[in-house]
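Undergrad: If you scroll down you'll find the structure; I have some questions about it.
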Amino acid sequence: MVAATGGTTAVLDIQFSPGAAGLRGPATVTVVSDDDFGNSTFTFAVQGTGVGPDINIQSNGNPVVDGALLADTSVANGTDFGTRTSNTNANFFIGNTGTADLNLGNISLSGSSQFTITSNPSNDIISLFGGANVSATLQITFNPVGTGQQTATATILNDDPDENPYTFVVEGVADAADRKSTRLNSS
């Protein structure tokens, strides 16, 4: 019970402690008053959004968007490996911009076998230490064999409430013909 005498105010402090991420509420707050102006009750709704872990992936300092498709690949964010004649790697930094630990599950690639995971942080926990986010590194290698465009989809299982699984496409063009002429010219 909060009491305020004539001419004073009282502060009503409402705390929000969500048990899970996502929208919570609305809840109804009713203030009963015995003022002289005929306002015996005042009712209003409150709601909030609970925040948990929030996965964030970047490469080359640029975001890699969850659900990114082939049309979204880019050299700038490491998802487009370009035309290659030899192995090349891309590092993807998995961060946590949320308010709770991010637990990574299985990380896999499907599609072209010319892409492999060479550094896999599966089952890592990305914590928040002193308010600073830490990250884990996922390294994908493109080993071009043959010719033509190659694609694969990275799938990262995690406990982010709205980005699980986190997926994105990587692509590269294998140019084995150029690889062969490079070998012949170097002999």
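Identifiers in this document derive from the order of the structure tokens: chains are assigned A, B, ..., residues are numbered from 1 separately in each chain, and ligands are numbered from 1 in order of occurrence.
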Could you give me, as a tab-separated table, a per-residue list for range 36-87 of chain A showing, wherever an atom lies at most 10 Å from an atom of range 147-154 of chain A, the closest pair of atoms and their distance in Å to one decimal, using only C-alpha atoms and sorting by chain then residue number from low to high?
TA:
residue	atom	partner	partner_atom	distance
A:Gly67	CA	A:Thr153	CA	9.6
A:Ala68	CA	A:Thr153	CA	9.3
A:Leu69	CA	A:Thr153	CA	8.5
A:Leu70	CA	A:Thr151	CA	7.8
A:Thr79	CA	A:Thr151	CA	9.8
A:Asp80	CA	A:Thr151	CA	9.3
A:Phe81	CA	A:Gln150	CA	9.8
A:Gly82	CA	A:Gln149	CA	9.3
A:Thr83	CA	A:Gln149	CA	8.5
A:Arg84	CA	A:Thr147	CA	9.6
A:Thr85	CA	A:Thr147	CA	9.3
Undergrad: Store the residues of this selection in a file with all heavy atoms, as a PDB file, in the first residue's frame.
TA:
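Now in out.pdb:
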ATOM      1  N   GLY A  67      19.400 -16.319 -41.849  1.00  0.00           N
ATOM      2  CA  GLY A  67      18.507 -16.652 -42.957  1.00  0.00           C
ATOM      3  C   GLY A  67      18.990 -16.147 -44.301  1.00  0.00           C
ATOM      4  O   GLY A  67      18.266 -16.232 -45.289  1.00  0.00           O
ATOM      5  N   ALA A  68      20.219 -15.605 -44.353  1.00  0.00           N
ATOM      6  CA  ALA A  68      20.747 -15.063 -45.607  1.00  0.00           C
ATOM      7  C   ALA A  68      20.828 -16.155 -46.668  1.00  0.00           C
ATOM      8  O   ALA A  68      21.304 -17.255 -46.416  1.00  0.00           O
ATOM      9  CB  ALA A  68      22.119 -14.439 -45.378  1.00  0.00           C
ATOM     10  N   LEU A  69      20.354 -15.828 -47.863  1.00  0.00           N
ATOM     11  CA  LEU A  69      20.310 -16.761 -48.980  1.00  0.00           C
ATOM     12  C   LEU A  69      21.438 -16.472 -49.962  1.00  0.00           C
ATOM     13  O   LEU A  69      22.227 -15.549 -49.764  1.00  0.00           O
ATOM     14  CB  LEU A  69      18.949 -16.658 -49.670  1.00  0.00           C
ATOM     15  CG  LEU A  69      17.744 -16.906 -48.765  1.00  0.00           C
ATOM     16  CD1 LEU A  69      16.449 -16.603 -49.506  1.00  0.00           C
ATOM     17  CD2 LEU A  69      17.755 -18.325 -48.242  1.00  0.00           C
ATOM     18  N   LEU A  70      21.481 -17.225 -51.049  1.00  0.00           N
ATOM     19  CA  LEU A  70      22.516 -17.049 -52.069  1.00  0.00           C
ATOM     20  C   LEU A  70      22.556 -15.615 -52.576  1.00  0.00           C
ATOM     21  O   LEU A  70      23.632 -15.037 -52.747  1.00  0.00           O
ATOM     22  CB  LEU A  70      22.297 -18.032 -53.224  1.00  0.00           C
ATOM     23  CG  LEU A  70      23.320 -17.982 -54.352  1.00  0.00           C
ATOM     24  CD1 LEU A  70      24.722 -18.245 -53.827  1.00  0.00           C
ATOM     25  CD2 LEU A  70      22.955 -18.993 -55.434  1.00  0.00           C
ATOM     26  N   THR A  79      30.875 -14.174 -46.914  1.00  0.00           N
ATOM     27  CA  THR A  79      30.032 -15.278 -47.370  1.00  0.00           C
ATOM     28  C   THR A  79      30.229 -15.593 -48.851  1.00  0.00           C
ATOM     29  O   THR A  79      29.810 -16.645 -49.307  1.00  0.00           O
ATOM     30  CB  THR A  79      28.541 -14.995 -47.087  1.00  0.00           C
ATOM     31  OG1 THR A  79      28.171 -13.758 -47.700  1.00  0.00           O
ATOM     32  CG2 THR A  79      28.278 -14.942 -45.585  1.00  0.00           C
ATOM     33  N   ASP A  80      30.837 -14.695 -49.613  1.00  0.00           N
ATOM     34  CA  ASP A  80      31.172 -14.939 -51.018  1.00  0.00           C
ATOM     35  C   ASP A  80      32.685 -15.078 -51.104  1.00  0.00           C
ATOM     36  O   ASP A  80      33.420 -14.113 -50.914  1.00  0.00           O
ATOM     37  CB  ASP A  80      30.680 -13.786 -51.901  1.00  0.00           C
ATOM     38  CG  ASP A  80      30.933 -14.026 -53.389  1.00  0.00           C
ATOM     39  OD1 ASP A  80      31.723 -14.930 -53.742  1.00  0.00           O
ATOM     40  OD2 ASP A  80      30.348 -13.288 -54.193  1.00  0.00           O
ATOM     41  N   PHE A  81      33.155 -16.292 -51.393  1.00  0.00           N
ATOM     42  CA  PHE A  81      34.584 -16.571 -51.446  1.00  0.00           C
ATOM     43  C   PHE A  81      35.202 -16.167 -52.783  1.00  0.00           C
ATOM     44  O   PHE A  81      36.410 -16.248 -52.954  1.00  0.00           O
ATOM     45  CB  PHE A  81      34.831 -18.066 -51.198  1.00  0.00           C
ATOM     46  CG  PHE A  81      34.655 -18.477 -49.756  1.00  0.00           C
ATOM     47  CD1 PHE A  81      33.397 -18.566 -49.183  1.00  0.00           C
ATOM     48  CD2 PHE A  81      35.755 -18.783 -48.966  1.00  0.00           C
ATOM     49  CE1 PHE A  81      33.229 -18.949 -47.863  1.00  0.00           C
ATOM     50  CE2 PHE A  81      35.610 -19.174 -47.647  1.00  0.00           C
ATOM     51  CZ  PHE A  81      34.340 -19.256 -47.085  1.00  0.00           C
ATOM     52  N   GLY A  82      34.371 -15.765 -53.746  1.00  0.00           N
ATOM     53  CA  GLY A  82      34.865 -15.363 -55.057  1.00  0.00           C
ATOM     54  C   GLY A  82      35.294 -16.563 -55.888  1.00  0.00           C
ATOM     55  O   GLY A  82      34.991 -17.707 -55.577  1.00  0.00           O
ATOM     56  N   THR A  83      36.016 -16.292 -56.983  1.00  0.00           N
ATOM     57  CA  THR A  83      36.541 -17.346 -57.845  1.00  0.00           C
ATOM     58  C   THR A  83      37.909 -17.743 -57.314  1.00  0.00           C
ATOM     59  O   THR A  83      38.787 -16.893 -57.147  1.00  0.00           O
ATOM     60  CB  THR A  83      36.648 -16.847 -59.301  1.00  0.00           C
ATOM     61  OG1 THR A  83      35.336 -16.485 -59.738  1.00  0.00           O
ATOM     62  CG2 THR A  83      37.211 -17.931 -60.209  1.00  0.00           C
ATOM     63  N   ARG A  84      38.083 -19.021 -57.060  1.00  0.00           N
ATOM     64  CA  ARG A  84      39.314 -19.503 -56.407  1.00  0.00           C
ATOM     65  C   ARG A  84      39.899 -20.699 -57.140  1.00  0.00           C
ATOM     66  O   ARG A  84      39.178 -21.532 -57.679  1.00  0.00           O
ATOM     67  CB  ARG A  84      39.027 -19.914 -54.959  1.00  0.00           C
ATOM     68  CG  ARG A  84      38.514 -18.812 -54.099  1.00  0.00           C
ATOM     69  CD  ARG A  84      39.561 -17.767 -53.891  1.00  0.00           C
ATOM     70  NE  ARG A  84      39.026 -16.683 -53.084  1.00  0.00           N
ATOM     71  CZ  ARG A  84      39.718 -15.653 -52.713  1.00  0.00           C
ATOM     72  NH1 ARG A  84      40.973 -15.536 -53.062  1.00  0.00           N
ATOM     73  NH2 ARG A  84      39.164 -14.704 -51.998  1.00  0.00           N
ATOM     74  N   THR A  85      41.211 -20.768 -57.081  1.00  0.00           N
ATOM     75  CA  THR A  85      41.927 -21.927 -57.611  1.00  0.00           C
ATOM     76  C   THR A  85      42.595 -22.708 -56.490  1.00  0.00           C
ATOM     77  O   THR A  85      43.105 -23.794 -56.722  1.00  0.00           O
ATOM     78  CB  THR A  85      43.011 -21.475 -58.618  1.00  0.00           C
ATOM     79  OG1 THR A  85      43.911 -20.583 -57.950  1.00  0.00           O
ATOM     80  CG2 THR A  85      42.379 -20.785 -59.809  1.00  0.00           C
TER      81      THR A  85
END
Undergrad: Taking the backbone alone, and naming residues the way the document does, which bits of chain A are helix (DSSP H, G or I) by DSSP, as a list of chain:residue names?
TA: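 Written out, the helix (DSSP H, G or I) residues of chain A are A:Leu70, A:Ala71, A:Asp72, A:Ala176, A:Ala177, A:Asp178, A:Arg179, A:Lys180, A:Ser181, A:Thr182, A:Arg183, A:Leu184, A:Asn185.
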Undergrad: What does the file look like for those residues with C-alpha atoms, as a CSV table (one decimal), in the first residue's frame?
TA:
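Output (selection.csv):
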chain,number,residue,atom,x,y,z
A,70,LEU,CA,22.5,-17.0,-52.1
A,71,ALA,CA,21.4,-13.6,-53.3
A,72,ASP,CA,22.6,-12.2,-50.0
A,176,ALA,CA,40.2,-25.9,-61.6
A,177,ALA,CA,41.1,-24.9,-65.2
A,178,ASP,CA,42.9,-21.9,-63.9
A,179,ARG,CA,44.4,-24.1,-61.1
A,180,LYS,CA,45.8,-26.5,-63.8
A,181,SER,CA,47.3,-23.8,-65.9
A,182,THR,CA,48.9,-22.3,-62.8
A,183,ARG,CA,50.5,-25.6,-62.0
A,184,LEU,CA,51.7,-26.1,-65.6
A,185,ASN,CA,53.3,-22.6,-65.7
Undergrad: Rounded to one decimal place, report the CA of Tyr166 in chain A-CA of Phe16 in chain A distance in Å.
TA: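 Distance reported for this atom pair: 28.5 Å.
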Undergrad: Just the residues within 10 Å of Ala27 in chain A, please, counting only C-alpha atoms, with nothing from its chain fewer than 4 positions along; format it as a PyMOL selection string.
TA: chain A and resi 44-48
Undergrad: Using only C-alpha atoms, which residues sit within 8 Å of Asn120 in chain A once same-chain residues fewer than 4 positions away are excluded, as a list in words?
TA: Ile107, Thr137, Leu138 and Gln139 of chain A
Undergrad: Please produce an output containing N, CA and C atoms for each residue in the selection, written as a PDB file, in the first residue's frame.
TA:
ATOM      1  N   ILE A 107      27.059 -27.273 -34.980  1.00  0.00           N
ATOM      2  CA  ILE A 107      27.269 -26.381 -36.117  1.00  0.00           C
ATOM      3  C   ILE A 107      27.631 -27.260 -37.298  1.00  0.00           C
ATOM      4  N   THR A 137      34.925 -18.329 -32.702  1.00  0.00           N
ATOM      5  CA  THR A 137      35.239 -18.239 -34.129  1.00  0.00           C
ATOM      6  C   THR A 137      34.869 -19.523 -34.847  1.00  0.00           C
ATOM      7  N   LEU A 138      34.069 -19.361 -35.893  1.00  0.00           N
ATOM      8  CA  LEU A 138      33.735 -20.432 -36.813  1.00  0.00           C
ATOM      9  C   LEU A 138      34.543 -20.163 -38.078  1.00  0.00           C
ATOM     10  N   GLN A 139      35.390 -21.122 -38.471  1.00  0.00           N
ATOM     11  CA  GLN A 139      36.166 -20.958 -39.697  1.00  0.00           C
ATOM     12  C   GLN A 139      35.657 -21.937 -40.752  1.00  0.00           C
TER      13      GLN A 139
END
Undergrad: Have a look at CA of Asn106 in chain A and CA of Leu157 in chain A and let me know their distance in Å, one decimal.
TA: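 Interatomic distance, CA of Asn106 in chain A to CA of Leu157 in chain A: 5.5 Å.
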Undergrad: Give me, please, the distance in Å between CA of Phe93 in chain A and CA of Asp175 in chain A, quoted to one decimal.
TA: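 These two atoms are separated by 27.8 Å.
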Undergrad: DSSP on the backbone, strand (DSSP E) only: what residues of range 17-77 of chain A does that give? Format it as a list in words.
TA: Gly22, Leu23, Arg24, Gly25, Pro26, Ala27, Thr28, Val29, Thr30, Val31, Val32, Thr41, Phe42, Thr43, Phe44, Ala45, Val46, Gln47, Gly48, Thr49, Gly50, Ile55, Asn56, Ile57, Gln58, Ser59, Asn62 and Pro63 of chain A
Undergrad: For Ala100 in chain A, list every protein, DNA or RNA residue within 8 Å, evaluated using only C-alpha atoms, and leave out those in the same chain fewer than 6 positions away; present the list as a PyMOL selection string.
TA: chain A and resi 51-53+127-128
Undergrad: Output the selection as a compact mmCIF listing (two decimals), in the first residue's frame - N, CA, C and O atoms for each residue.
TA:
# COMPACT_ATOMS: atom_id res chain seq x y z
N VAL A 51 14.60 -10.15 -22.47
CA VAL A 51 15.72 -10.36 -23.37
C VAL A 51 16.60 -11.47 -22.80
O VAL A 51 16.89 -11.49 -21.60
N GLY A 52 16.98 -12.39 -23.63
CA GLY A 52 17.89 -13.47 -23.25
C GLY A 52 19.12 -13.37 -24.12
O GLY A 52 19.55 -12.28 -24.50
N PRO A 53 19.69 -14.49 -24.48
CA PRO A 53 20.84 -14.45 -25.38
C PRO A 53 20.41 -13.93 -26.75
O PRO A 53 19.27 -14.10 -27.16
N SER A 127 29.58 -16.08 -23.12
CA SER A 127 29.11 -15.40 -21.91
C SER A 127 29.30 -13.89 -22.03
O SER A 127 29.92 -13.39 -22.95
N LEU A 128 28.76 -13.22 -21.05
CA LEU A 128 28.97 -11.79 -20.89
C LEU A 128 29.81 -11.61 -19.65
O LEU A 128 29.41 -11.98 -18.55
Undergrad: Please list as a list in words every residue within 10 Å of Ala76 in chain A, counting only C-alpha atoms and excluding residues in the same chain fewer than 6 positions away.
TA: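 Everything that qualifies: Ser59, Asn60, Gly61, Asn62, Pro63 and Val64 of chain A.
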Undergrad: Given only C-alpha atoms as the basis, pick out the residue of A:Gln114, A:Ser119, A:Asn158, A:Thr43 nearest to Gly95 in chain A.
TA: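 Closest to Gly95 in chain A of all the choices is A:Asn158.
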Undergrad: Would you list the contacts of Asn123 in chain A as a list in words, taking every protein, DNA or RNA residue within 8 Å and counting only C-alpha atoms, but skipping same-chain residues closer than 3 positions in sequence?
TA: Asn103, Leu104, Gly105 and Asn106 of chain A
Undergrad: Would you please work out which residue, of A:Ile125, A:Val145, A:Ile140, A:Ile55, is nearest to Pro165 in chain A when using only C-alpha atoms?
TA: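 That would be A:Ile55, the residue with the smallest distance to Pro165 in chain A.
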